[in-house]
>>> print(open('protein-v2.txt').read())   # compact mmCIF, C-alpha atoms
# COMPACT_ATOMS: atom_id res chain seq x y z
CA MET A 262 10.54 4.43 36.16
CA SER A 263 9.24 6.44 33.23
CA GLU A 264 7.08 9.55 33.38
CA ILE A 265 4.69 7.87 30.91
CA ALA A 266 2.34 5.01 31.71
CA VAL A 267 0.83 3.33 28.62
CA LEU A 268 -2.51 1.75 29.56
CA ILE A 269 -3.72 -1.24 27.51
CA PRO A 270 -6.98 -3.05 28.38
CA TYR A 271 -6.81 -6.67 27.24
CA PHE A 272 -9.46 -9.31 26.52
CA ASN A 273 -8.29 -12.31 24.48
CA HIS A 274 -6.31 -12.14 21.17
CA PRO A 275 -2.73 -12.47 22.51
CA ASP A 276 -1.34 -12.19 18.96
CA CYS A 277 -2.95 -8.75 18.61
CA LEU A 278 -1.54 -7.69 21.97
CA GLU A 279 1.94 -8.62 20.84
CA LYS A 280 1.44 -6.70 17.59
CA SER A 281 0.69 -3.58 19.63
CA LEU A 282 3.61 -4.11 22.00
CA SER A 283 6.03 -4.64 19.12
CA SER A 284 5.18 -1.17 17.79
CA ILE A 285 6.49 0.54 20.95
CA SER A 286 10.11 1.42 20.33
CA GLY A 287 13.13 2.18 22.48
CA ALA A 288 13.03 5.77 21.26
CA GLU A 289 10.93 6.63 24.27
CA LYS A 290 10.96 5.47 27.86
CA VAL A 291 7.54 4.18 28.90
CA ASP A 292 6.03 1.70 31.35
CA VAL A 293 3.26 -0.47 29.91
CA ILE A 294 0.33 -1.41 32.14
CA ILE A 295 -1.82 -4.25 30.75
CA VAL A 296 -5.14 -5.04 32.43
CA ASP A 297 -6.36 -8.55 31.58
CA ASP A 298 -10.12 -8.34 32.00
CA GLY A 299 -10.84 -11.99 32.78
CA SER A 300 -9.82 -13.28 29.36
CA SER A 301 -9.85 -16.96 28.39
CA GLU A 302 -6.87 -16.54 26.04
CA LYS A 303 -4.17 -15.53 28.48
CA PRO A 304 -1.05 -13.72 27.27
CA LEU A 305 2.28 -15.36 28.18
CA GLN A 306 3.23 -12.80 30.79
CA ARG A 307 6.73 -14.02 31.60
CA ARG A 308 7.71 -14.33 27.94
CA LEU A 309 6.42 -10.85 27.09
CA LYS A 310 8.19 -9.28 30.07
CA GLU A 311 11.46 -10.91 29.06
CA LYS A 312 11.06 -10.13 25.37
CA TYR A 313 10.57 -6.39 25.89
CA SER A 314 12.64 -5.91 29.06
CA ASN A 315 15.34 -3.96 27.20
CA ILE A 316 12.76 -1.62 25.61
CA PHE A 317 10.13 -0.96 28.28
CA SER A 318 8.78 -2.48 31.48
CA VAL A 319 5.52 -4.47 31.41
CA GLU A 320 3.15 -4.83 34.36
CA PHE A 321 0.13 -7.16 34.21
CA ILE A 322 -3.00 -6.74 36.33
CA THR A 323 -5.57 -9.55 36.07
CA HIS A 324 -9.30 -9.65 36.76
CA ASP A 325 -10.57 -13.11 37.72
CA ILE A 326 -13.76 -12.51 35.71
CA ASN A 327 -14.70 -10.25 32.82
CA LYS A 328 -15.96 -6.96 34.29
CA GLY A 329 -16.08 -4.78 31.19
CA LEU A 330 -13.92 -2.13 29.56
CA SER A 331 -14.69 0.68 32.02
CA TYR A 332 -13.64 -1.50 34.95
CA ALA A 333 -10.44 -2.56 33.19
CA LEU A 334 -9.51 1.03 32.37
CA ASN A 335 -10.23 2.20 35.91
CA THR A 336 -8.24 -0.66 37.42
CA GLY A 337 -5.30 0.52 35.32
CA LEU A 338 -5.76 4.17 36.25
CA GLU A 339 -6.01 3.34 39.95
CA TYR A 340 -2.75 1.41 39.71
CA ILE A 341 -1.07 4.29 37.87
CA LEU A 342 -2.27 6.80 40.46
CA SER A 343 -1.10 4.57 43.32
CA LYS A 344 2.47 4.80 42.04
CA GLY A 345 2.45 8.59 42.30
CA THR A 346 5.31 8.95 39.81
CA TYR A 347 3.67 9.08 36.37
CA LYS A 348 3.24 12.50 34.82
CA TYR A 349 1.37 11.29 31.75
CA VAL A 350 -1.06 8.50 30.83
CA ALA A 351 -1.22 7.29 27.23
CA ARG A 352 -3.81 4.89 25.81
CA LEU A 353 -3.36 2.06 23.37
CA ASP A 354 -5.81 -0.65 22.32
CA VAL A 355 -4.98 -4.25 21.51
CA GLY A 356 -4.36 -4.60 17.77
CA ASP A 357 -3.49 -0.93 17.16
CA LYS A 358 0.07 0.06 16.34
CA CYS A 359 2.01 3.21 17.24
CA THR A 360 4.58 5.04 15.17
CA TRP A 361 8.06 4.50 16.60
CA ASP A 362 8.17 7.95 18.26
CA ARG A 363 4.51 8.52 19.15
CA PHE A 364 4.88 8.87 22.92
CA LYS A 365 8.02 10.95 22.64
CA LYS A 366 6.28 13.45 20.35
CA GLN A 367 3.17 13.70 22.51
CA LYS A 368 5.21 14.13 25.70
CA SER A 369 7.33 16.85 24.05
CA PHE A 370 4.17 18.63 22.93
CA LEU A 371 2.67 18.58 26.43
CA ASP A 372 5.99 19.66 27.98
CA LEU A 373 6.11 22.64 25.63
CA ASN A 374 2.41 23.51 26.05
CA PRO A 375 1.61 23.52 29.78
CA LYS A 376 -1.91 24.89 29.17
CA ILE A 377 -2.81 21.78 27.15
CA SER A 378 -3.77 18.75 29.26
CA LEU A 379 -4.85 16.27 26.58
CA VAL A 380 -3.36 15.50 23.18
CA GLY A 381 -4.34 13.02 20.48
CA SER A 382 -3.37 12.69 16.84
CA ASN A 383 -4.57 11.79 13.39
CA ALA A 384 -4.55 8.09 12.51
CA LYS A 385 -3.73 5.85 9.58
CA MET A 386 -6.71 3.61 8.81
CA ILE A 387 -6.06 0.10 7.48
CA ASP A 388 -8.30 -2.84 6.59
CA MET A 389 -8.20 -6.34 8.12
CA GLU A 390 -5.44 -7.38 5.70
CA GLY A 391 -3.26 -4.42 6.61
CA LYS A 392 -4.00 -2.45 3.43
CA PHE A 393 -3.90 1.33 3.78
CA LEU A 394 -7.31 2.99 3.46
CA TYR A 395 -6.90 6.67 4.36
CA ILE A 396 -5.71 9.13 6.99
CA ARG A 397 -8.41 9.94 9.54
CA LYS A 398 -8.09 13.62 10.41
CA TYR A 399 -9.24 15.25 13.64
CA PRO A 400 -9.60 18.92 14.63
CA GLU A 401 -6.33 20.32 15.99
CA ALA A 402 -7.32 23.48 17.91
CA ASP A 403 -9.09 23.42 21.29
CA ALA A 404 -12.10 25.48 20.12
CA ASP A 405 -12.70 23.22 17.11
CA ILE A 406 -12.23 20.10 19.23
CA LYS A 407 -14.89 21.18 21.73
CA LYS A 408 -17.61 22.00 19.21
CA ASN A 409 -16.86 18.96 17.05
CA MET A 410 -17.31 16.63 20.07
CA TYR A 411 -21.09 16.96 19.75
CA VAL A 412 -21.08 15.63 16.19
CA PHE A 413 -18.18 13.14 16.13
CA SER A 414 -15.66 12.36 18.82
CA SER A 415 -12.75 14.75 18.36
CA PHE A 416 -10.27 12.02 19.27
CA MET A 417 -9.48 8.48 18.36
CA HIS A 418 -9.28 7.22 21.92
CA PRO A 419 -6.20 4.97 21.59
CA THR A 420 -4.21 8.01 20.37
CA ILE A 421 -4.67 10.10 23.50
CA MET A 422 -2.14 11.12 26.14
CA PHE A 423 -3.19 13.24 29.12
CA ARG A 424 -1.69 14.68 32.26
CA THR A 425 -2.20 12.34 35.20
CA ASN A 426 -3.17 15.22 37.48
CA VAL A 427 -6.43 15.79 35.59
CA LEU A 428 -7.75 12.63 37.25
CA GLU A 429 -7.65 14.39 40.62
CA GLU A 430 -10.44 16.67 39.41
CA ILE A 431 -12.44 14.66 36.87
CA GLY A 432 -12.15 11.19 38.39
CA LEU A 433 -12.11 7.91 36.46
CA TYR A 434 -14.03 6.50 33.48
CA PRO A 435 -17.82 6.38 33.87
CA TYR A 436 -19.37 2.91 33.93
CA GLU A 437 -21.37 3.10 30.71
CA VAL A 438 -21.13 1.87 27.13
CA CYS A 439 -19.73 5.15 25.78
CA GLN A 440 -17.11 5.41 28.51
CA ASP A 441 -14.44 6.85 26.19
CA TYR A 442 -16.75 9.54 24.82
CA ALA A 443 -18.02 10.53 28.27
CA PHE A 444 -14.49 10.53 29.73
CA LEU A 445 -13.25 12.90 27.03
CA PHE A 446 -16.13 15.28 27.70
CA LYS A 447 -15.18 15.28 31.39
CA ILE A 448 -11.66 16.40 30.51
CA LEU A 449 -12.75 18.97 27.94
CA LYS A 450 -15.12 20.64 30.41
CA ARG A 451 -12.15 21.79 32.48
CA TYR A 452 -9.03 21.60 30.33
CA LYS A 453 -7.67 22.49 26.93
CA ALA A 454 -6.82 19.88 24.33
CA ALA A 455 -5.16 19.45 20.96
CA ASN A 456 -4.51 16.90 18.23
CA LEU A 457 -1.21 16.52 16.42
CA LYS A 458 -1.51 16.63 12.65
CA GLU A 459 0.83 13.71 12.10
CA PRO A 460 -0.83 10.25 12.21
CA LEU A 461 0.77 8.53 15.21
CA LEU A 462 -1.41 5.41 15.21
CA GLU A 463 -2.34 2.67 12.78
CA TYR A 464 -5.99 1.68 13.34
CA GLU A 465 -7.57 -1.48 11.95
CA VAL A 466 -11.12 -1.03 10.63
CA ASN A 467 -13.29 -4.05 11.37
CA PRO A 468 -16.46 -3.95 9.20
CA ILE A 469 -18.21 -6.54 11.39
CA GLY A 470 -17.10 -5.21 14.75
CA PHE A 471 -20.61 -4.51 16.05
CA THR A 472 -23.88 -6.37 16.27
CA TYR A 473 -26.88 -4.19 15.54
CA ASN A 474 -28.07 -4.26 19.17
CA LYS A 475 -24.67 -3.23 20.54
CA TYR A 476 -24.35 -0.54 17.87
CA ARG A 477 -27.83 0.80 18.65
CA ARG A 478 -27.00 0.96 22.35
CA LEU A 479 -23.76 2.84 21.58
CA GLN A 480 -25.69 5.45 19.60
CA ILE A 481 -28.37 5.85 22.29
CA ASP A 482 -25.74 6.20 25.01
CA GLY A 483 -23.91 8.67 22.78
CA LEU A 484 -27.07 10.77 22.63
CA LYS A 485 -27.26 10.72 26.42
CA VAL A 486 -23.65 11.91 26.68
CA ILE A 487 -24.29 14.73 24.20
CA TRP A 488 -27.29 16.07 26.08
CA ALA A 489 -25.66 15.57 29.49
CA ASN A 490 -22.98 18.00 28.29
CA PHE A 491 -25.43 20.53 26.84
CA LYS A 492 -24.13 24.07 26.28
CA LEU A 493 -26.29 26.63 24.55
CA LYS A 494 -23.41 28.02 22.50
CA TYR A 495 -23.00 24.58 20.91
CA ILE A 496 -26.70 24.05 20.14
CA LYS A 497 -26.09 23.88 16.38
CA TYR A 498 -23.59 21.05 16.80
CA ILE A 499 -25.74 19.30 19.40
CA LEU A 500 -28.67 19.19 16.96
CA ILE A 501 -26.46 17.95 14.12
CA GLY A 502 -24.96 15.28 16.37
CA THR A 503 -28.40 14.21 17.54
CA LEU A 504 -29.66 13.87 13.97
CA LYS A 505 -26.54 11.95 12.98
CA ARG A 506 -27.03 9.38 15.73
CA ILE A 507 -30.70 8.92 14.88
CA VAL A 508 -29.70 8.22 11.27
CA CYS A 509 -27.08 5.75 12.54
CA ILE A 510 -29.71 3.89 14.55
CA LEU A 511 -32.06 3.70 11.56
CA LEU A 512 -29.44 2.56 9.02
CA GLY A 513 -27.35 0.27 11.23
CA PRO A 514 -23.60 -0.41 11.46
CA LYS A 515 -22.94 -2.03 8.08
CA ILE A 516 -24.39 0.78 6.01
CA MET A 517 -22.91 3.50 8.23
CA MET A 518 -19.47 1.84 8.09
CA LYS A 519 -19.60 1.97 4.30
CA ILE A 520 -20.66 5.62 4.37
CA GLY A 521 -18.03 6.44 6.97
CA THR A 522 -15.26 4.81 4.94
CA LYS A 523 -16.27 6.73 1.82
CA LEU A 524 -16.43 10.01 3.75
CA ARG A 525 -13.26 9.13 5.71
CA LEU A 526 -15.05 9.36 9.02
CA ILE A 527 -15.14 7.13 12.08
CA GLY A 528 -17.30 7.13 15.16
CA PHE A 529 -20.64 6.17 13.61
>>> encode(input="protein-v2.txt", output="structure tokens")
Amino acid sequence: MSEIAVLIPYFNHPDCLEKSLSSISGAEKVDVIIVDDGSSEKPLQRRLKEKYSNIFSVEFITHDINKGLSYALNTGLEYILSKGTYKYVARLDVGDKCTWDRFKKQKSFLDLNPKISLVGSNAKMIDMEGKFLYIRKYPEADADIKKNMYVFSSFMHPTIMFRTNVLEEIGLYPYEVCQDYAFLFKILKRYKAANLKEPLLEYEVNPIGFTYNKYRRLQIDGLKVIWANFKLKYIKYILIGTLKRIVCILLGPKIMMKIGTKLRLIGF
């Protein structure tokens, strides 16, 4: 059994799941945990296990009905914790692709930096046809990460790897729309973090990924997360982040996606 559990929540799109799995190489020993959240398009579990058996192990956990992303992530984390053998948890989303040595590099970084409990990376942004758009850069130092969190998320969530033992103190994902954002804040309150400069993930930008109502709810929940984590020393960034989200609500996802692409930002 590996020291690294790669957690992938799954809901339909088996071809995209296989695209993500095919990007995980034999350069690193990992166990992949896939949580099928009540999908109607079921992955072929036996075929996938056999196909990748010489590269990594695959474990499927299935919900009978769709419960939502937070539930799927927490089901996976509970399984990982129950094993008691994994030192690190890495995230990957269906459709995103890793560099061949992503997990190896992040594990080495955490092994060499015991005071760091969470590490992400920059990401290569591509369009729906696979065309390169730009490199999305994130703050690398802990101090910059923590202040930037109030304006934009300091991590692309599917790039993160964290020490499993942090879950003993912070618990699991909150059951809300901005579960990733809130979860990261929970870690950053108590632990140090970093981002690797090298882009270790290929992220597909979907210009029609949100309806206006869902997008509006994301921004409102994001505001709640910001103010729930209020710290006076970050008031400047809190106010900027608040204004940014109000602008996002007023302009909507299509316009903000265009602005974000031009400014090489994500997280609107």
>>> closest_residue(input="protein-v2.txt", among="A:Leu457, A:Leu379, A:Ile499, A:Met389", to="Leu428 of chain A", atoms="all atoms listed in the file")
A:Leu379
>>> closest_residue(input="protein-v2.txt", among="A:Tyr498, A:Tyr340, A:Phe321, A:Tyr434", to="Met410 of chain A", atoms="all atoms listed in the file")
A:Tyr498
>>> closest_residue(input="protein-v2.txt", among="A:Val267, A:Lys368, A:Lys358, A:Leu484", to="Glu320 of chain A", atoms="only C-alpha atoms")
A:Val267
>>> residues_around(input="protein-v2.txt", residues="segment 488-490 of chain A", least_positions_apart="5", cutoff="9 Å", atoms="only C-alpha atoms", output="list in words")
Tyr411, Ala443, Phe446, Lys447, Lys450, Gly483, Ile499 and Thr503 of chain A
>>> write_last_selection(input="protein-v2.txt", atoms="C-alpha atoms", output="mmCIF file, in the frame of the given file")
data_model
loop_
_atom_site.group_PDB
_atom_site.id
_atom_site.type_symbol
_atom_site.label_atom_id
_atom_site.label_comp_id
_atom_site.auth_asym_id
_atom_site.auth_seq_id
_atom_site.Cartn_x
_atom_site.Cartn_y
_atom_site.Cartn_z
ATOM 1 C CA TYR A 411 -21.090 16.960 19.750
ATOM 2 C CA ALA A 443 -18.020 10.530 28.270
ATOM 3 C CA PHE A 446 -16.130 15.280 27.700
ATOM 4 C CA LYS A 447 -15.180 15.280 31.390
ATOM 5 C CA LYS A 450 -15.120 20.640 30.410
ATOM 6 C CA GLY A 483 -23.910 8.670 22.780
ATOM 7 C CA ILE A 499 -25.740 19.300 19.400
ATOM 8 C CA THR A 503 -28.400 14.210 17.540
#
>>> residues_around(input="protein-v2.txt", residues="segment 346-352 of chain A", least_positions_apart="6", cutoff="8 Å", atoms="all atoms listed in the file", output="PyMOL selection string")
chain A and resi 262-269+364+368+418-426
>>> atom_distance(input="protein-v2.txt", atom1="atom CA of Leu278 of chain A", atom2="atom CA of Asp297 of chain A")
10.8 Å
>>> residues_near_point(input="protein-v2.txt", point="(-4.0, 0.3, 6.2)", cutoff="9 Å", atoms="only C-alpha atoms", output="PyMOL selection string")
chain A and resi 385-395+463-466
>>> residues_near_point(input="protein-v2.txt", point="(-7.9, 18.2, 13.1)", cutoff="12 Å", atoms="only C-alpha atoms", output="VMD selection string")
chain A and resid 380 to 384 396 to 407 409 to 410 413 to 417 454 to 460
>>> atom_distance(input="protein-v2.txt", atom1="atom CA of Ser301 of chain A", atom2="atom CA of Tyr436 of chain A")
22.7 Å
>>> residues_around(input="protein-v2.txt", residues="Leu511 of chain A", least_positions_apart="2", cutoff="12 Å", atoms="all atoms listed in the file", output="mmCIF file with C-alpha atoms, in the coordinates of the input")
data_model
loop_
_atom_site.group_PDB
_atom_site.id
_atom_site.type_symbol
_atom_site.label_atom_id
_atom_site.label_comp_id
_atom_site.auth_asym_id
_atom_site.auth_seq_id
_atom_site.Cartn_x
_atom_site.Cartn_y
_atom_site.Cartn_z
ATOM 1 C CA TYR A 473 -26.880 -4.190 15.540
ATOM 2 C CA ASN A 474 -28.070 -4.260 19.170
ATOM 3 C CA TYR A 476 -24.350 -0.540 17.870
ATOM 4 C CA ARG A 477 -27.830 0.800 18.650
ATOM 5 C CA GLN A 480 -25.690 5.450 19.600
ATOM 6 C CA ILE A 481 -28.370 5.850 22.290
ATOM 7 C CA LEU A 504 -29.660 13.870 13.970
ATOM 8 C CA LYS A 505 -26.540 11.950 12.980
ATOM 9 C CA ARG A 506 -27.030 9.380 15.730
ATOM 10 C CA ILE A 507 -30.700 8.920 14.880
ATOM 11 C CA VAL A 508 -29.700 8.220 11.270
ATOM 12 C CA CYS A 509 -27.080 5.750 12.540
ATOM 13 C CA GLY A 513 -27.350 0.270 11.230
ATOM 14 C CA PRO A 514 -23.600 -0.410 11.460
ATOM 15 C CA LYS A 515 -22.940 -2.030 8.080
ATOM 16 C CA ILE A 516 -24.390 0.780 6.010
ATOM 17 C CA MET A 517 -22.910 3.500 8.230
ATOM 18 C CA PHE A 529 -20.640 6.170 13.610
#
>>> atom_distance(input="protein-v2.txt", atom1="atom CA of Leu445 of chain A", atom2="atom CA of Ser378 of chain A")
11.4 Å
>>> residues_around(input="protein-v2.txt", residues="Asn315 of chain A", least_positions_apart="5", cutoff="12 Å", atoms="only C-alpha atoms", output="MDAnalysis selection string")
chainID A and resid 285:292 309:310
>>> residues_around(input="protein-v2.txt", residues="Pro304 of chain A", least_positions_apart="2", cutoff="9 Å", atoms="only C-alpha atoms", output="PyMOL selection string")
chain A and resi 273-276+278-279+297+302+306-309
>>> closest_residue(input="protein-v2.txt", among="A:Pro435, A:Ser343, A:Val486, A:Ser284", to="Cys359 of chain A", atoms="only C-alpha atoms")
A:Ser284
>>> closest_residue(input="protein-v2.txt", among="A:Ser314, A:Tyr332, A:Leu282, A:Glu430", to="Gly299 of chain A", atoms="all atoms listed in the file")
A:Tyr332
